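Below is upload.tsv, holding TSV, C-alpha atoms.
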chain	number	residue	atom	x	y	z
A	1	MET	CA	-107.58	149.16	-0.78
A	2	ALA	CA	-105.95	145.75	-0.38
A	3	ALA	CA	-105.54	145.52	-4.17
A	4	GLN	CA	-103.88	148.93	-4.29
A	5	GLN	CA	-101.60	147.97	-1.40
A	6	ARG	CA	-100.46	144.88	-3.30
A	7	ARG	CA	-99.89	146.95	-6.41
A	8	LEU	CA	-97.87	149.45	-4.37
A	9	ASP	CA	-95.68	146.63	-3.03
A	10	SER	CA	-94.97	145.53	-6.60
A	11	VAL	CA	-94.12	149.05	-7.78
A	12	SER	CA	-91.87	149.59	-4.76
A	13	ALA	CA	-89.94	146.40	-5.54
A	14	ASN	CA	-89.53	147.52	-9.15
A	15	LEU	CA	-88.18	150.91	-8.09
A	16	ALA	CA	-85.74	149.27	-5.68
A	17	ASN	CA	-84.39	147.07	-8.50
A	18	VAL	CA	-84.10	149.58	-11.34
A	19	GLY	CA	-80.33	149.12	-11.18
A	20	THR	CA	-80.33	145.34	-10.66
A	21	VAL	CA	-78.77	143.39	-13.54
A	22	GLY	CA	-81.27	141.14	-15.33
A	23	TYR	CA	-84.19	142.12	-13.07
A	24	LYS	CA	-87.71	141.49	-14.41
A	25	ARG	CA	-90.40	143.85	-13.16
A	26	GLY	CA	-93.47	142.66	-11.33
A	27	VAL	CA	-96.95	143.61	-12.52
A	28	THR	CA	-100.37	143.22	-10.92
A	29	ALA	CA	-103.87	142.96	-12.34
A	30	SER	CA	-107.14	143.22	-10.40
A	31	HIS	CA	-110.56	141.98	-11.47
A	32	GLU	CA	-113.96	141.43	-9.91
A	33	VAL	CA	-115.05	137.92	-8.98
A	34	GLU	CA	-118.23	136.32	-7.65
A	35	VAL	CA	-118.06	133.78	-4.84
A	36	GLU	CA	-120.99	131.50	-3.93
A	37	ARG	CA	-121.87	131.76	-0.23
A	38	PRO	CA	-124.68	130.11	1.80
A	39	ARG	CA	-126.58	133.40	1.71
A	40	GLY	CA	-126.00	133.95	-2.02
A	41	LYS	CA	-123.34	135.31	-4.31
A	42	VAL	CA	-120.81	137.76	-2.95
A	43	ARG	CA	-118.72	140.02	-5.14
A	44	GLY	CA	-115.12	140.78	-4.43
A	45	VAL	CA	-111.85	141.88	-6.02
A	46	THR	CA	-108.84	139.62	-6.53
A	47	THR	CA	-105.35	140.75	-7.49
A	48	LEU	CA	-102.94	138.59	-9.47
A	49	ALA	CA	-99.20	139.21	-9.43
A	50	GLU	CA	-97.14	138.30	-12.49
A	51	VAL	CA	-93.67	138.93	-13.87
A	52	ASP	CA	-92.93	140.90	-17.02
A	53	PHE	CA	-90.17	138.94	-18.76
A	54	GLN	CA	-89.69	141.47	-21.56
A	55	GLN	CA	-86.15	142.06	-22.77
A	56	GLY	CA	-84.04	144.65	-20.98
A	57	ASN	CA	-81.49	146.88	-22.70
A	58	LEU	CA	-77.96	145.55	-23.11
A	59	GLN	CA	-75.21	147.64	-21.55
A	60	ARG	CA	-71.66	147.11	-22.83
A	61	THR	CA	-69.14	146.75	-19.99
A	62	GLY	CA	-65.98	145.56	-21.78
A	63	ARG	CA	-65.38	142.79	-19.21
A	64	ASP	CA	-64.86	139.41	-20.87
A	65	LEU	CA	-66.85	137.45	-18.24
A	66	ASP	CA	-69.89	139.73	-18.38
A	67	LEU	CA	-72.57	137.97	-20.43
A	68	ALA	CA	-76.04	139.09	-21.49
A	69	LEU	CA	-78.89	137.15	-23.08
A	70	TYR	CA	-80.90	138.67	-25.92
A	71	GLY	CA	-84.12	136.70	-26.26
A	72	ASP	CA	-86.07	134.33	-24.06
A	73	GLY	CA	-83.99	132.15	-21.80
A	74	PHE	CA	-81.85	131.84	-18.68
A	75	PHE	CA	-78.32	130.92	-17.72
A	76	ALA	CA	-78.41	127.64	-15.77
A	77	VAL	CA	-76.49	127.67	-12.48
A	78	GLU	CA	-75.70	124.84	-10.07
A	79	GLY	CA	-77.43	125.95	-6.86
A	80	PRO	CA	-77.03	124.25	-3.48
A	81	GLU	CA	-80.31	122.32	-3.94
A	82	GLY	CA	-80.24	121.78	-7.68
A	83	GLU	CA	-80.25	123.75	-10.89
A	84	VAL	CA	-81.47	127.36	-10.74
A	85	TYR	CA	-81.72	130.04	-13.42
A	86	THR	CA	-80.74	133.67	-13.85
A	87	ARG	CA	-80.56	136.53	-16.34
A	88	ASP	CA	-77.70	138.13	-14.39
A	89	GLY	CA	-74.56	137.38	-16.37
A	90	THR	CA	-72.09	138.95	-13.93
A	91	PHE	CA	-69.74	135.97	-13.80
A	92	HIS	CA	-66.26	135.45	-12.40
A	93	MET	CA	-63.45	132.91	-12.58
A	94	THR	CA	-62.07	131.15	-9.53
A	95	GLU	CA	-58.39	130.35	-8.99
A	96	ALA	CA	-59.19	126.80	-10.08
A	97	GLY	CA	-60.59	127.99	-13.41
A	98	ALA	CA	-64.32	127.53	-12.64
A	99	LEU	CA	-66.88	130.04	-13.88
A	100	VAL	CA	-69.19	131.14	-11.06
A	101	SER	CA	-71.96	133.62	-10.36
A	102	GLU	CA	-71.57	136.49	-7.91
A	103	ASP	CA	-72.95	134.17	-5.21
A	104	GLY	CA	-70.22	131.62	-5.96
A	105	PHE	CA	-72.51	129.10	-7.72
A	106	SER	CA	-70.92	127.24	-10.62
A	107	LEU	CA	-72.32	127.73	-14.10
A	108	ALA	CA	-73.95	124.67	-15.65
A	109	TRP	CA	-72.56	123.30	-18.89
A	110	GLU	CA	-74.40	121.75	-21.82
A	111	GLU	CA	-71.10	120.33	-23.01
A	112	LEU	CA	-67.72	120.43	-21.29
A	113	SER	CA	-64.75	119.40	-23.39
A	114	GLY	CA	-61.82	121.23	-21.81
A	115	VAL	CA	-60.44	122.93	-18.72
A	116	ILE	CA	-60.07	126.69	-18.32
A	117	ASP	CA	-56.60	127.94	-17.49
A	118	PRO	CA	-57.14	130.77	-14.97
A	119	VAL	CA	-53.91	132.47	-16.06
A	120	GLY	CA	-54.26	131.64	-19.74
A	121	LEU	CA	-55.58	133.60	-22.70
A	122	PRO	CA	-58.86	135.53	-22.40
A	123	LEU	CA	-62.03	133.56	-23.04
A	124	VAL	CA	-63.96	134.08	-26.26
A	125	ILE	CA	-67.69	133.32	-26.06
A	126	ASP	CA	-69.95	133.22	-29.11
A	127	GLU	CA	-73.72	133.79	-29.38
A	128	ALA	CA	-74.46	130.09	-28.89
A	129	GLY	CA	-72.58	130.05	-25.57
A	130	ASN	CA	-69.55	128.17	-26.91
A	131	ILE	CA	-66.36	129.08	-25.05
A	132	ARG	CA	-62.86	129.00	-26.47
A	133	GLN	CA	-59.54	129.79	-24.85
A	134	GLY	CA	-56.95	130.26	-27.53
A	135	ILE	CA	-57.26	127.25	-29.84
A	136	GLN	CA	-58.88	125.07	-27.18
A	137	ASN	CA	-62.63	124.41	-27.09
A	138	VAL	CA	-63.71	124.63	-23.45
A	139	GLY	CA	-67.39	123.78	-23.88
A	140	ARG	CA	-70.87	125.27	-24.22
A	141	LEU	CA	-72.79	126.99	-21.45
A	142	ARG	CA	-76.23	125.68	-20.56
A	143	VAL	CA	-78.86	128.23	-21.65
A	144	VAL	CA	-82.48	127.09	-21.26
A	145	ASP	CA	-86.04	128.37	-21.52
A	146	PHE	CA	-89.50	127.42	-20.25
A	147	ALA	CA	-92.72	127.17	-22.23
A	148	ASP	CA	-94.63	128.62	-19.26
A	149	LYS	CA	-92.52	131.03	-17.21
A	150	GLY	CA	-95.45	131.53	-14.88
A	151	VAL	CA	-94.48	128.35	-13.00
A	152	LEU	CA	-91.11	129.80	-12.00
A	153	THR	CA	-90.49	131.13	-8.51
A	154	LYS	CA	-87.76	133.51	-7.42
A	155	ASP	CA	-85.74	133.23	-4.22
A	156	ARG	CA	-84.36	136.08	-2.14
A	157	ASN	CA	-81.07	135.98	-4.06
A	158	GLY	CA	-82.82	136.58	-7.39
A	159	PHE	CA	-82.48	133.05	-8.78
A	160	TRP	CA	-85.44	131.40	-10.51
A	161	SER	CA	-86.36	127.78	-9.90
A	162	ALA	CA	-88.89	125.43	-11.47
A	163	PRO	CA	-91.08	122.72	-9.92
A	164	ARG	CA	-89.58	119.23	-10.05
A	165	ALA	CA	-92.14	118.12	-12.64
A	166	VAL	CA	-91.22	120.96	-15.03
A	167	GLN	CA	-88.19	120.45	-17.26
A	168	PRO	CA	-86.53	123.31	-19.15
A	169	GLY	CA	-86.25	123.26	-22.90
A	170	PRO	CA	-83.74	124.73	-25.35
A	171	SER	CA	-83.43	128.49	-25.72
A	172	ASP	CA	-82.92	130.54	-28.86
A	173	ALA	CA	-81.49	133.47	-26.88
A	174	ARG	CA	-78.19	134.85	-28.15
A	175	VAL	CA	-75.28	135.25	-25.73
A	176	HIS	CA	-73.50	138.62	-25.86
A	177	GLN	CA	-70.03	138.80	-24.35
A	178	TYR	CA	-68.73	142.05	-22.78
A	179	ALA	CA	-72.27	143.15	-21.87
A	180	LEU	CA	-74.95	142.91	-19.18
A	181	GLU	CA	-78.73	143.10	-19.41
A	182	GLU	CA	-80.24	146.04	-17.58
A	183	SER	CA	-83.41	145.84	-15.50
A	184	ASN	CA	-86.57	146.16	-17.59
A	185	ALA	CA	-88.11	148.41	-14.93
A	186	ASN	CA	-88.20	152.09	-15.90
A	187	ALA	CA	-87.84	154.48	-12.97
A	188	MET	CA	-90.05	157.20	-14.48
A	189	GLU	CA	-92.87	154.79	-15.38
A	190	GLU	CA	-92.75	153.19	-11.94
A	191	MET	CA	-92.93	156.60	-10.25
A	192	VAL	CA	-96.01	157.49	-12.32
A	193	ASP	CA	-97.59	154.16	-11.32
A	194	MET	CA	-96.80	154.82	-7.66
A	195	ILE	CA	-98.49	158.24	-7.76
A	196	SER	CA	-101.53	156.68	-9.44
A	197	VAL	CA	-101.76	153.96	-6.79
A	198	GLN	CA	-101.45	156.44	-3.93
A	199	ARG	CA	-104.17	158.68	-5.37
A	200	THR	CA	-106.53	155.73	-5.88
A	201	PHE	CA	-105.86	154.55	-2.33
A	202	GLU	CA	-106.66	158.03	-0.99
A	203	VAL	CA	-109.91	158.22	-2.98
A	204	VAL	CA	-111.07	154.86	-1.62
A	205	ALA	CA	-110.08	155.85	1.92
A	206	ARG	CA	-112.10	159.08	1.67
A	207	THR	CA	-115.06	157.10	0.32
A	208	PHE	CA	-114.96	154.75	3.33
A	209	GLU	CA	-114.74	157.74	5.65
A	210	ALA	CA	-117.83	159.31	4.03
A	211	ILE	CA	-119.75	156.02	4.36
A	212	ASN	CA	-118.82	155.71	8.03
A	213	GLN	CA	-119.95	159.27	8.69
A	214	THR	CA	-123.29	158.51	7.00
A	215	TYR	CA	-123.82	155.42	9.16
A	216	GLU	CA	-122.96	157.40	12.27
A	217	ARG	CA	-125.63	159.96	11.42
A	218	LEU	CA	-128.20	157.25	10.69
A	219	THR	CA	-127.54	155.38	13.92
A	220	ARG	CA	-127.16	158.44	16.14
A	221	PRO	CA	-129.82	158.40	18.90
A	222	PHE	CA	-132.18	161.35	19.02
Represent the structure from my file as structure tokens, please.
Amino acid sequence: MAAQQRRLDSVSANLANVGTVGYKRGVTASHEVEVERPRGKVRGVTTLAEVDFQQGNLQRTGRDLDLALYGDGFFAVEGPEGEVYTRDGTFHMTEAGALVSEDGFSLAWEELSGVIDPVGLPLVIDEAGNIRQGIQNVGRLRVVDFADKGVLTKDRNGFWSAPRAVQPGPSDARVHQYALEESNANAMEEMVDMISVQRTFEVVARTFEAINQTYERLTRPF
């Protein structure tokens, strides 16, 4: 029942974020384990929670500062406590010409060779993340990847962070301007999973009730 409850929490989070840009769905897997106790081996069930980093569909928006990644990787962002990572390419420009996320965090640059004019020509961004404004090269956005994404943790704002000992590597993801990546959670599939979890939970609950009734009959005084 605890395993099904954890699975239900994961499915509920997926359903709540079907419309969240760049969201990666959570998945759970349960398996039986044996634990050595003083009185012998005890069997139990453990549930592991993981993240499905599969590609989401790209939705064209037509806005020049909307960026989507196709392939494995993340946009690097300068968070308040260091570099963090995101698949949400909903970016904006400040009055000073800085590119920022919706939370106001500045985008990280791999190379910065120019300054953006906030009232100048529209930005043109190629698949490698190189930005041009007119004839001026502005620089290249920092897009990174991790060999083991399982070490990443996500904060309440949806940004991913890595342990201090883990350094990101280069990414081969392609940057698409005028588009955003949709959540990879499918509402219909998540609803089917939720129904399955609820039915399994009910079956287990009825089984426990039957066992309790049996014990009550066995221990009932005559």
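Going from CA of Phe208 (chain A) to CA of Arg37 (chain A) covers 24.3 Å.
We find CA of Ala179 (chain A) and CA of Phe74 (chain A) to be spaced 15.2 Å apart.
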Q | One-decimal distance in Å that lies between CA of Pro168 (chain A) and CA of Phe146 (chain A) | A |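 So the answer is 5.2 Å.
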Q. Quick one: residues within 12 Å of Ala147 (chain A), all atoms listed in the file counted, chain neighbours fewer than 3 positions away excluded, as number ranges by chain?
A. A: 72-73, 144, 150-152, 162, 166-171
Q) So which one's closest to Met191 (chain A), A:Glu81, A:Leu8, A:Lys41, A:Ala3? Using only C-alpha atoms, please. A) A:Leu8
Q) If you count all atoms listed in the file, which residues fall within 12 Å of His92 (chain A), apart from same-chain ones fewer than 4 positions away, as a ChimeraX atom specification? A) /A:63-67,88,96-107,118,123
Neighbouring residues of Arg174 (chain A) were defined as those with any atom within 10 Å, considering all atoms listed in the file; residues of the same chain fewer than 6 positions away were excluded. Please report them as a short mmCIF file (atom, residue, chain, number, x, y, z; two decimals) with C-alpha atoms, in the coordinates of the input.
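So the final result, stored in out.cif, reads:
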data_model
loop_
_atom_site.label_atom_id
_atom_site.label_comp_id
_atom_site.auth_asym_id
_atom_site.auth_seq_id
_atom_site.Cartn_x
_atom_site.Cartn_y
_atom_site.Cartn_z
CA ALA A 68 -76.04 139.09 -21.49
CA LEU A 69 -78.89 137.15 -23.08
CA TYR A 70 -80.90 138.67 -25.92
CA GLY A 71 -84.12 136.70 -26.26
CA ASP A 72 -86.07 134.33 -24.06
CA GLY A 73 -83.99 132.15 -21.80
CA ASP A 126 -69.95 133.22 -29.11
CA GLU A 127 -73.72 133.79 -29.38
CA ALA A 128 -74.46 130.09 -28.89
CA GLY A 129 -72.58 130.05 -25.57
CA VAL A 143 -78.86 128.23 -21.65
#
Q: Name the residues in contact with Asn137 (chain A) at a cut-off of 7 Å, using all atoms listed in the file, excluding same-chain residues fewer than 3 positions from it; report them as a ChimeraX atom specification.
A: /A:113-114,131-133
Considering only C-alpha atoms, tabulate each residue of region 41-151 of chain A that lies at most 10 Å from region 10-33 of chain A along with its nearest interatomic pair and the corresponding distance in Å to one decimal; arrange the rows by chain and ascending residue number and present them as CSV.
residue,atom,partner,partner_atom,distance
A:Lys41,CA,A:Val33,CA,9.9
A:Val42,CA,A:Val33,CA,8.3
A:Arg43,CA,A:Val33,CA,5.7
A:Gly44,CA,A:Val33,CA,5.4
A:Val45,CA,A:Glu32,CA,4.4
A:Thr46,CA,A:Ser30,CA,5.6
A:Thr47,CA,A:Ser30,CA,4.2
A:Leu48,CA,A:Ala29,CA,5.3
A:Ala49,CA,A:Thr28,CA,4.4
A:Glu50,CA,A:Val27,CA,5.3
A:Val51,CA,A:Gly26,CA,4.5
A:Asp52,CA,A:Arg25,CA,5.5
A:Phe53,CA,A:Lys24,CA,5.6
A:Gln54,CA,A:Lys24,CA,7.4
A:Gln55,CA,A:Lys24,CA,8.5
A:Gly56,CA,A:Gly22,CA,7.2
A:Asn57,CA,A:Gly22,CA,9.3
A:Leu58,CA,A:Gly22,CA,9.5
A:Gln59,CA,A:Val21,CA,9.7
A:Ala68,CA,A:Gly22,CA,8.3
A:Leu69,CA,A:Gly22,CA,9.0
A:Phe74,CA,A:Gly22,CA,9.9
A:Thr86,CA,A:Gly22,CA,7.6
A:Arg87,CA,A:Gly22,CA,4.8
A:Asp88,CA,A:Gly22,CA,4.8
A:Gly89,CA,A:Gly22,CA,7.8
A:Thr90,CA,A:Val21,CA,8.0
Could you write out that same residue set with C-alpha atoms as a CSV table (one decimal), in the frame of the given file?
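result_19.csv, freshly written:
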chain,number,residue,atom,x,y,z
A,41,LYS,CA,-123.3,135.3,-4.3
A,42,VAL,CA,-120.8,137.8,-3.0
A,43,ARG,CA,-118.7,140.0,-5.1
A,44,GLY,CA,-115.1,140.8,-4.4
A,45,VAL,CA,-111.8,141.9,-6.0
A,46,THR,CA,-108.8,139.6,-6.5
A,47,THR,CA,-105.4,140.8,-7.5
A,48,LEU,CA,-102.9,138.6,-9.5
A,49,ALA,CA,-99.2,139.2,-9.4
A,50,GLU,CA,-97.1,138.3,-12.5
A,51,VAL,CA,-93.7,138.9,-13.9
A,52,ASP,CA,-92.9,140.9,-17.0
A,53,PHE,CA,-90.2,138.9,-18.8
A,54,GLN,CA,-89.7,141.5,-21.6
A,55,GLN,CA,-86.2,142.1,-22.8
A,56,GLY,CA,-84.0,144.6,-21.0
A,57,ASN,CA,-81.5,146.9,-22.7
A,58,LEU,CA,-78.0,145.6,-23.1
A,59,GLN,CA,-75.2,147.6,-21.6
A,68,ALA,CA,-76.0,139.1,-21.5
A,69,LEU,CA,-78.9,137.2,-23.1
A,74,PHE,CA,-81.8,131.8,-18.7
A,86,THR,CA,-80.7,133.7,-13.8
A,87,ARG,CA,-80.6,136.5,-16.3
A,88,ASP,CA,-77.7,138.1,-14.4
A,89,GLY,CA,-74.6,137.4,-16.4
A,90,THR,CA,-72.1,139.0,-13.9
